[in-house]
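K.L.:
Structure supplied as my_file-v8.csv; contents: CSV, C-alpha atoms.
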chain,number,residue,atom,x,y,z
A,1,GLY,CA,-92.4,126.7,111.6
A,2,ALA,CA,-90.4,128.3,114.3
A,3,VAL,CA,-87.2,126.4,115.3
A,4,VAL,CA,-85.0,126.7,118.3
A,5,SER,CA,-81.4,125.5,117.8
A,6,GLN,CA,-79.3,124.4,120.8
A,7,HIS,CA,-75.5,123.8,120.6
A,8,PRO,CA,-73.6,121.7,121.4
A,9,SER,CA,-75.9,118.6,121.7
A,10,TRP,CA,-73.4,117.0,124.0
A,11,VAL,CA,-70.2,118.0,125.7
A,12,ILE,CA,-67.7,116.4,128.0
A,13,CYS,CA,-65.5,118.6,130.1
A,14,LYS,CA,-63.1,118.2,133.0
A,15,SER,CA,-63.9,119.3,136.5
A,16,GLY,CA,-63.1,122.9,137.1
A,17,THR,CA,-63.5,124.1,133.5
A,18,SER,CA,-66.4,126.2,132.1
A,19,VAL,CA,-68.8,125.2,129.4
A,20,LYS,CA,-71.0,127.5,127.2
A,21,ILE,CA,-74.2,126.3,125.7
A,22,GLU,CA,-76.0,128.3,123.0
A,23,CYS,CA,-79.6,128.7,122.3
A,24,ARG,CA,-80.8,130.3,119.1
A,25,SER,CA,-84.2,131.1,117.7
A,26,LEU,CA,-83.8,130.5,114.0
A,27,ASP,CA,-86.7,132.3,112.3
A,28,PHE,CA,-88.1,134.5,114.9
A,29,GLN,CA,-87.0,137.0,117.5
A,30,ALA,CA,-87.3,135.9,121.1
A,31,THR,CA,-87.3,138.5,123.8
A,32,THR,CA,-87.5,135.8,126.4
A,33,MET,CA,-85.8,132.4,126.5
A,34,PHE,CA,-85.9,129.8,129.2
A,35,TRP,CA,-83.3,127.4,130.5
A,36,TYR,CA,-84.2,124.1,132.1
A,37,ARG,CA,-82.3,121.3,133.7
A,38,GLN,CA,-83.4,117.7,133.5
A,39,PHE,CA,-82.1,114.9,135.7
A,40,PRO,CA,-82.5,111.3,134.7
A,41,LYS,CA,-86.0,110.1,135.0
A,42,GLN,CA,-87.2,113.4,136.3
A,43,SER,CA,-89.0,116.4,135.1
A,44,LEU,CA,-87.7,119.6,133.7
A,45,MET,CA,-86.7,122.2,136.3
A,46,LEU,CA,-86.8,125.8,135.3
A,47,MET,CA,-83.5,127.3,136.1
A,48,ALA,CA,-83.8,130.9,134.8
A,49,THR,CA,-85.6,133.2,132.4
A,50,SER,CA,-83.3,135.0,130.0
A,51,ASN,CA,-84.4,138.5,129.0
A,52,GLU,CA,-82.9,140.2,126.0
A,53,GLY,CA,-80.9,143.3,127.1
A,54,SER,CA,-81.4,142.7,130.8
A,55,LYS,CA,-80.3,140.4,133.6
A,56,ALA,CA,-81.7,136.9,133.8
A,57,THR,CA,-84.2,136.0,136.4
A,58,TYR,CA,-83.1,133.0,138.3
A,59,GLU,CA,-85.4,130.5,140.1
A,60,GLN,CA,-85.0,129.9,143.8
A,61,GLY,CA,-82.1,127.7,144.6
A,62,VAL,CA,-80.2,128.2,141.3
A,63,GLU,CA,-76.8,129.8,141.7
A,64,LYS,CA,-76.5,132.8,139.4
A,65,ASP,CA,-72.8,132.9,139.7
A,66,LYS,CA,-72.6,129.2,138.7
A,67,PHE,CA,-74.9,129.4,135.8
A,68,LEU,CA,-74.2,132.6,133.9
A,69,ILE,CA,-76.9,133.6,131.4
A,70,ASN,CA,-76.4,136.1,128.6
A,71,HIS,CA,-79.1,137.2,126.2
A,72,ALA,CA,-77.2,139.6,124.0
A,73,SER,CA,-79.5,139.6,121.0
A,74,LEU,CA,-83.1,138.7,120.1
A,75,THR,CA,-82.0,135.4,118.7
A,76,LEU,CA,-79.3,134.2,121.0
A,77,SER,CA,-79.1,133.2,124.7
A,78,THR,CA,-76.1,131.5,126.2
A,79,LEU,CA,-75.8,129.5,129.4
A,80,THR,CA,-72.3,129.1,130.9
A,81,VAL,CA,-71.7,126.6,133.5
A,82,THR,CA,-68.7,127.9,135.4
A,83,SER,CA,-66.2,125.8,137.2
A,84,ALA,CA,-68.1,122.7,136.4
A,85,HIS,CA,-68.2,119.7,138.8
A,86,PRO,CA,-69.5,116.2,138.3
A,87,GLU,CA,-72.8,117.1,140.0
A,88,ASP,CA,-73.4,119.6,137.3
A,89,SER,CA,-73.7,116.7,134.8
A,90,SER,CA,-77.2,116.9,133.4
A,91,PHE,CA,-79.4,117.5,130.4
A,92,TYR,CA,-79.9,121.2,129.8
A,93,ILE,CA,-82.7,122.4,127.6
A,94,CYS,CA,-83.6,125.9,126.4
A,95,SER,CA,-86.9,127.1,125.0
A,96,ALA,CA,-88.3,130.3,123.5
A,97,ARG,CA,-91.7,131.7,122.9
A,98,ARG,CA,-93.0,133.3,119.8
A,99,THR,CA,-96.2,134.8,121.3
A,100,PRO,CA,-99.0,133.6,121.0
A,101,ARG,CA,-97.6,130.2,120.1
A,102,PRO,CA,-96.6,127.7,122.7
A,103,LEU,CA,-93.0,127.3,123.8
A,104,HIS,CA,-90.5,125.8,121.3
A,105,PHE,CA,-87.7,123.8,122.8
A,106,GLY,CA,-84.2,123.1,121.7
A,107,ASN,CA,-83.0,119.6,121.4
A,108,GLY,CA,-81.0,119.8,124.6
A,109,THR,CA,-77.4,119.6,125.6
A,110,ARG,CA,-76.0,116.6,127.6
A,111,LEU,CA,-73.2,117.8,129.8
A,112,THR,CA,-70.9,115.3,131.4
A,113,VAL,CA,-68.3,116.6,133.8
A,114,THR,CA,-65.4,114.2,134.5
B,115,ALA,CA,-99.4,126.5,144.4
B,116,GLN,CA,-100.3,125.1,141.0
B,117,SER,CA,-99.1,121.7,140.0
B,118,VAL,CA,-99.8,118.7,137.8
B,119,ALA,CA,-99.4,115.1,138.8
B,120,GLN,CA,-98.7,112.2,136.6
B,121,PRO,CA,-99.5,109.1,138.7
B,122,GLU,CA,-97.8,106.6,136.4
B,123,ASP,CA,-94.1,106.4,135.9
B,124,GLN,CA,-94.5,104.1,133.0
B,125,VAL,CA,-97.4,102.8,130.8
B,126,ASN,CA,-97.2,99.8,128.5
B,127,VAL,CA,-99.6,99.4,125.7
B,128,ALA,CA,-99.7,96.9,122.8
B,129,GLU,CA,-99.5,98.3,119.3
B,130,GLY,CA,-102.9,99.0,117.9
B,131,ASN,CA,-104.6,99.3,121.3
B,132,PRO,CA,-105.9,102.6,122.7
B,133,LEU,CA,-103.6,104.4,125.1
B,134,THR,CA,-104.2,106.8,128.0
B,135,VAL,CA,-101.6,108.7,129.9
B,136,LYS,CA,-103.0,110.3,133.0
B,137,CYS,CA,-102.6,113.8,134.4
B,138,THR,CA,-104.4,115.6,137.2
B,139,TYR,CA,-104.0,119.3,138.0
B,140,SER,CA,-104.2,121.5,141.0
B,141,VAL,CA,-104.9,125.2,140.3
B,142,SER,CA,-107.1,128.0,141.5
B,143,GLY,CA,-109.2,129.4,138.7
B,144,ASN,CA,-109.1,128.2,135.1
B,145,PRO,CA,-106.1,126.2,134.1
B,146,TYR,CA,-104.0,126.4,130.9
B,147,LEU,CA,-102.9,122.9,130.4
B,148,PHE,CA,-100.4,121.3,127.9
B,149,TRP,CA,-99.0,118.0,126.8
B,150,TYR,CA,-95.5,117.7,125.5
B,151,VAL,CA,-93.5,114.6,124.2
B,152,GLN,CA,-89.8,114.0,124.5
B,153,TYR,CA,-87.9,111.5,122.5
B,154,PRO,CA,-84.5,110.3,123.8
B,155,ASN,CA,-81.8,113.0,124.0
B,156,ARG,CA,-84.1,115.5,122.4
B,157,GLY,CA,-86.0,118.6,123.6
B,158,LEU,CA,-89.8,118.7,124.1
B,159,GLN,CA,-92.3,118.8,121.3
B,160,PHE,CA,-95.7,120.4,121.8
B,161,LEU,CA,-98.6,118.1,121.4
B,162,LEU,CA,-101.7,120.1,122.4
B,163,LYS,CA,-103.1,122.6,124.8
B,164,TYR,CA,-106.3,123.4,126.6
B,165,ILE,CA,-107.2,127.0,127.4
B,166,THR,CA,-111.0,127.2,127.1
B,167,GLY,CA,-113.8,125.8,125.0
B,168,ASP,CA,-114.3,122.2,124.0
B,169,ASN,CA,-113.3,119.7,126.7
B,170,LEU,CA,-111.9,117.4,124.0
B,171,VAL,CA,-108.7,118.9,122.5
B,172,LYS,CA,-107.1,117.4,119.4
B,173,GLY,CA,-103.4,117.7,118.9
B,174,SER,CA,-100.5,116.4,116.8
B,175,TYR,CA,-99.8,112.8,115.7
B,176,GLY,CA,-103.4,111.7,116.4
B,177,PHE,CA,-103.3,112.5,120.1
B,178,GLU,CA,-106.1,114.1,122.0
B,179,ALA,CA,-106.8,115.1,125.6
B,180,GLU,CA,-109.9,115.4,127.6
B,181,PHE,CA,-110.3,118.2,130.1
B,182,ASN,CA,-112.5,117.2,133.0
B,183,LYS,CA,-113.1,120.0,135.5
B,184,SER,CA,-115.0,117.9,138.1
B,185,GLN,CA,-112.2,115.4,138.2
B,186,THR,CA,-109.4,118.0,137.7
B,187,SER,CA,-107.9,115.7,135.0
B,188,PHE,CA,-106.4,116.2,131.6
B,189,HIS,CA,-105.7,112.7,130.3
B,190,LEU,CA,-103.8,112.2,127.1
B,191,LYS,CA,-105.4,109.6,124.7
B,192,LYS,CA,-104.9,108.0,121.3
B,193,PRO,CA,-107.3,105.5,119.7
B,194,SER,CA,-104.6,103.3,118.2
B,195,ALA,CA,-101.0,103.2,119.5
B,196,LEU,CA,-98.0,103.1,117.3
B,197,VAL,CA,-94.5,101.8,118.2
B,198,SER,CA,-93.2,105.2,117.3
B,199,ASP,CA,-95.3,106.7,120.0
B,200,SER,CA,-92.9,105.3,122.6
B,201,ALA,CA,-91.5,108.3,124.4
B,202,LEU,CA,-91.6,110.4,127.6
B,203,TYR,CA,-94.8,112.4,127.9
B,204,PHE,CA,-95.1,115.5,130.1
B,205,CYS,CA,-98.3,117.2,131.3
B,206,ALA,CA,-97.8,120.9,132.2
B,207,VAL,CA,-99.8,123.8,133.5
B,208,ARG,CA,-99.1,127.5,133.0
B,209,ASP,CA,-98.2,129.3,136.2
B,210,GLN,CA,-101.1,131.6,137.0
B,211,ASN,CA,-98.8,134.2,138.6
B,212,ARG,CA,-96.3,134.2,135.8
B,213,ASP,CA,-97.7,133.6,132.3
B,214,ASP,CA,-94.2,133.0,130.9
B,215,LYS,CA,-93.6,130.0,133.2
B,216,ILE,CA,-94.8,126.5,132.7
B,217,ILE,CA,-94.8,123.9,135.5
B,218,PHE,CA,-94.2,120.4,134.3
B,219,GLY,CA,-95.2,117.0,135.7
B,220,LYS,CA,-92.6,114.4,136.4
B,221,GLY,CA,-93.3,112.6,133.1
B,222,THR,CA,-94.7,109.3,132.1
B,223,ARG,CA,-92.7,106.9,129.9
B,224,LEU,CA,-94.9,105.3,127.3
B,225,HIS,CA,-93.8,101.9,125.9
B,226,ILE,CA,-95.7,100.6,122.9
B,227,LEU,CA,-95.1,96.9,122.5
B,228,PRO,CA,-95.0,95.5,118.9
As structure tokens, what does this structure read like?

P.N.:
Amino acid sequence: GAVVSQHPSWVICKSGTSVKIECRSLDFQATTMFWYRQFPKQSLMLMATSNEGSKATYEQGVEKDKFLINHASLTLSTLTVTSAHPEDSSFYICSARRTPRPLHFGNGTRLTVT
Amino acid sequence: AQSVAQPEDQVNVAEGNPLTVKCTYSVSGNPYLFWYVQYPNRGLQFLLKYITGDNLVKGSYGFEAEFNKSQTSFHLKKPSALVSDSALYFCAVRDQNRDDKIIFGKGTRLHILP
């Protein structure tokens, strides 16, 4: 079946540095991928919709200059957390859809900013 | 605005007993409803969905959900719980204004006691 791979699974970085997270669809082409953020004991919050070959669509309240999204190919979307701060520490999850199937999720990336 | 509510933060069930995880929805029109499961430090896995048709939907791992229009509910059920069912369960509804967007409930942590 379809698989979405997310890398890295966990990352620790120092405050002020940038971190890139990759999301790949392994056996299908995904024109649209989604990035979520999950706080402890809370639900998933959709951050942005990543569209291949065009700009990402950000949800209200999400800083587009803080969370850079690039969807350069039909199988890869990246999320870069720029100038990370401790409050950016969270669990980030990507997903992709292979219409008409439901969303397939990556295994998530736990980001810790020290 | 559409939403789903999961009234229980946590549900404890003895192994072998039936389990129910509750979900109610609020939408105008016909809802597209989903259940996902999340294991620790992992992404979400699709369990089942309701779009139309039979009110009882069967899904993965022996789970099923009952759509009840009069009560606006979509409770997740399993006749006999396994310890391995312990996880975080999310009810979700498709955004009626954006069919690429899914709105998640806050999640219910299910503990199956051996």

K.L.:
With distances taken over only C-alpha atoms, which residue among A:Glu63, A:Leu68, A:Lys41, A:Lys20 lies nearest Gly219 (chain B)?

P.N.:
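Comparing A:Glu63, A:Leu68, A:Lys41, A:Lys20 against Gly219 (chain B), the winner is A:Lys41.
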
K.L.:
At a cut-off of 12 Å, can you tabulate as CSV every residue of chain B near chain A together with its closest atom pair and the distance in Å to one decimal, using all atoms listed in the file and ordering rows by chain then number?

P.N.:
residue,atom,partner,partner_atom,distance
B:Val118,CA,A:Ser43,CA,11.4
B:Ala119,CA,A:Ser43,CA,11.1
B:Gln120,CA,A:Ser43,CA,10.7
B:Asp123,CA,A:Lys41,CA,9.0
B:Gln124,CA,A:Lys41,CA,10.6
B:Tyr146,CA,A:Pro102,CA,11.1
B:Leu147,CA,A:Pro102,CA,11.0
B:Phe148,CA,A:Pro102,CA,9.1
B:Trp149,CA,A:Pro102,CA,10.8
B:Tyr150,CA,A:Leu103,CA,10.1
B:Val151,CA,A:Phe105,CA,11.0
B:Gln152,CA,A:Asn107,CA,9.3
B:Tyr153,CA,A:Asn107,CA,9.5
B:Pro154,CA,A:Asn107,CA,9.7
B:Asn155,CA,A:Gly108,CA,6.9
B:Arg156,CA,A:Asn107,CA,4.4
B:Gly157,CA,A:Asn107,CA,3.9
B:Leu158,CA,A:Phe105,CA,5.7
B:Gln159,CA,A:Phe105,CA,7.0
B:Phe160,CA,A:Pro102,CA,7.4
B:Leu161,CA,A:Pro102,CA,9.9
B:Leu162,CA,A:Pro102,CA,9.2
B:Lys163,CA,A:Pro102,CA,8.5
B:Tyr164,CA,A:Pro102,CA,11.3
B:Ile165,CA,A:Pro102,CA,11.6
B:Leu202,CA,A:Lys41,CA,9.3
B:Tyr203,CA,A:Ser43,CA,10.1
B:Phe204,CA,A:Ser43,CA,7.9
B:Cys205,CA,A:Ser43,CA,10.1
B:Ala206,CA,A:Leu44,CA,10.3
B:Val207,CA,A:Pro102,CA,11.9
B:Arg208,CA,A:Pro102,CA,10.6
B:Asp209,CA,A:Leu46,CA,12.0
B:Arg212,CA,A:Thr49,CA,11.3
B:Asp213,CA,A:Thr99,CA,11.2
B:Asp214,CA,A:Arg97,CA,8.5
B:Lys215,CA,A:Leu46,CA,8.3
B:Ile216,CA,A:Leu46,CA,8.4
B:Ile217,CA,A:Leu46,CA,8.2
B:Phe218,CA,A:Leu44,CA,6.6
B:Gly219,CA,A:Ser43,CA,6.3
B:Lys220,CA,A:Ser43,CA,4.3
B:Gly221,CA,A:Ser43,CA,6.1
B:Thr222,CA,A:Lys41,CA,9.2
B:Arg223,CA,A:Lys41,CA,9.0

K.L.:
Of the candidates A:Thr82, A:Gln38, A:Ser89, A:Ser77, which one gets nearest to Lys55 (chain A) if we count all atoms listed in the file?

P.N.:
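Closest to Lys55 (chain A), using all atoms listed in the file: A:Ser77.
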
K.L.:
Go ahead and compute the interatomic distance for CA of Lys172 (chain B) and CA of Lys136 (chain B), in Å to one decimal.

P.N.:
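Straight-line distance from CA of Lys172 (chain B) to CA of Lys136 (chain B) works out to 15.9 Å.
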
K.L.:
Using all atoms listed in the file, collect all residues at a distance of at most 6 Å from (-79.4, 127.2, 119.2) as written in the file, then present them as an MDAnalysis selection string.

P.N.:
chainID A and resid 4:7 22:24

K.L.:
Identify which of the residues A:Thr112, A:Ser15, A:Gln60, A:Ser50 lies closest to Thr78 (chain A), counting only C-alpha atoms when measuring atom-to-atom distances.

P.N.:
A:Ser50

K.L.:
Between CA of Val141 (chain B) and CA of Lys183 (chain B), what is the spacing in Å?

P.N.:
10.8 Å

K.L.:
Could you work out how far CA of Lys191 (chain B) lies from CA of Thr166 (chain B), giving the answer in Å with one decimal?

P.N.:
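Distance between the two atoms: 18.6 Å.
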
K.L.:
Give me, as number ranges by chain, all polymer residues having an atom no more than 10 Å from Lys64 (chain A), counting all atoms listed in the file and skipping those fewer than 5 positions away in the same chain.

P.N.:
A: 47-48, 56-59, 69, 81
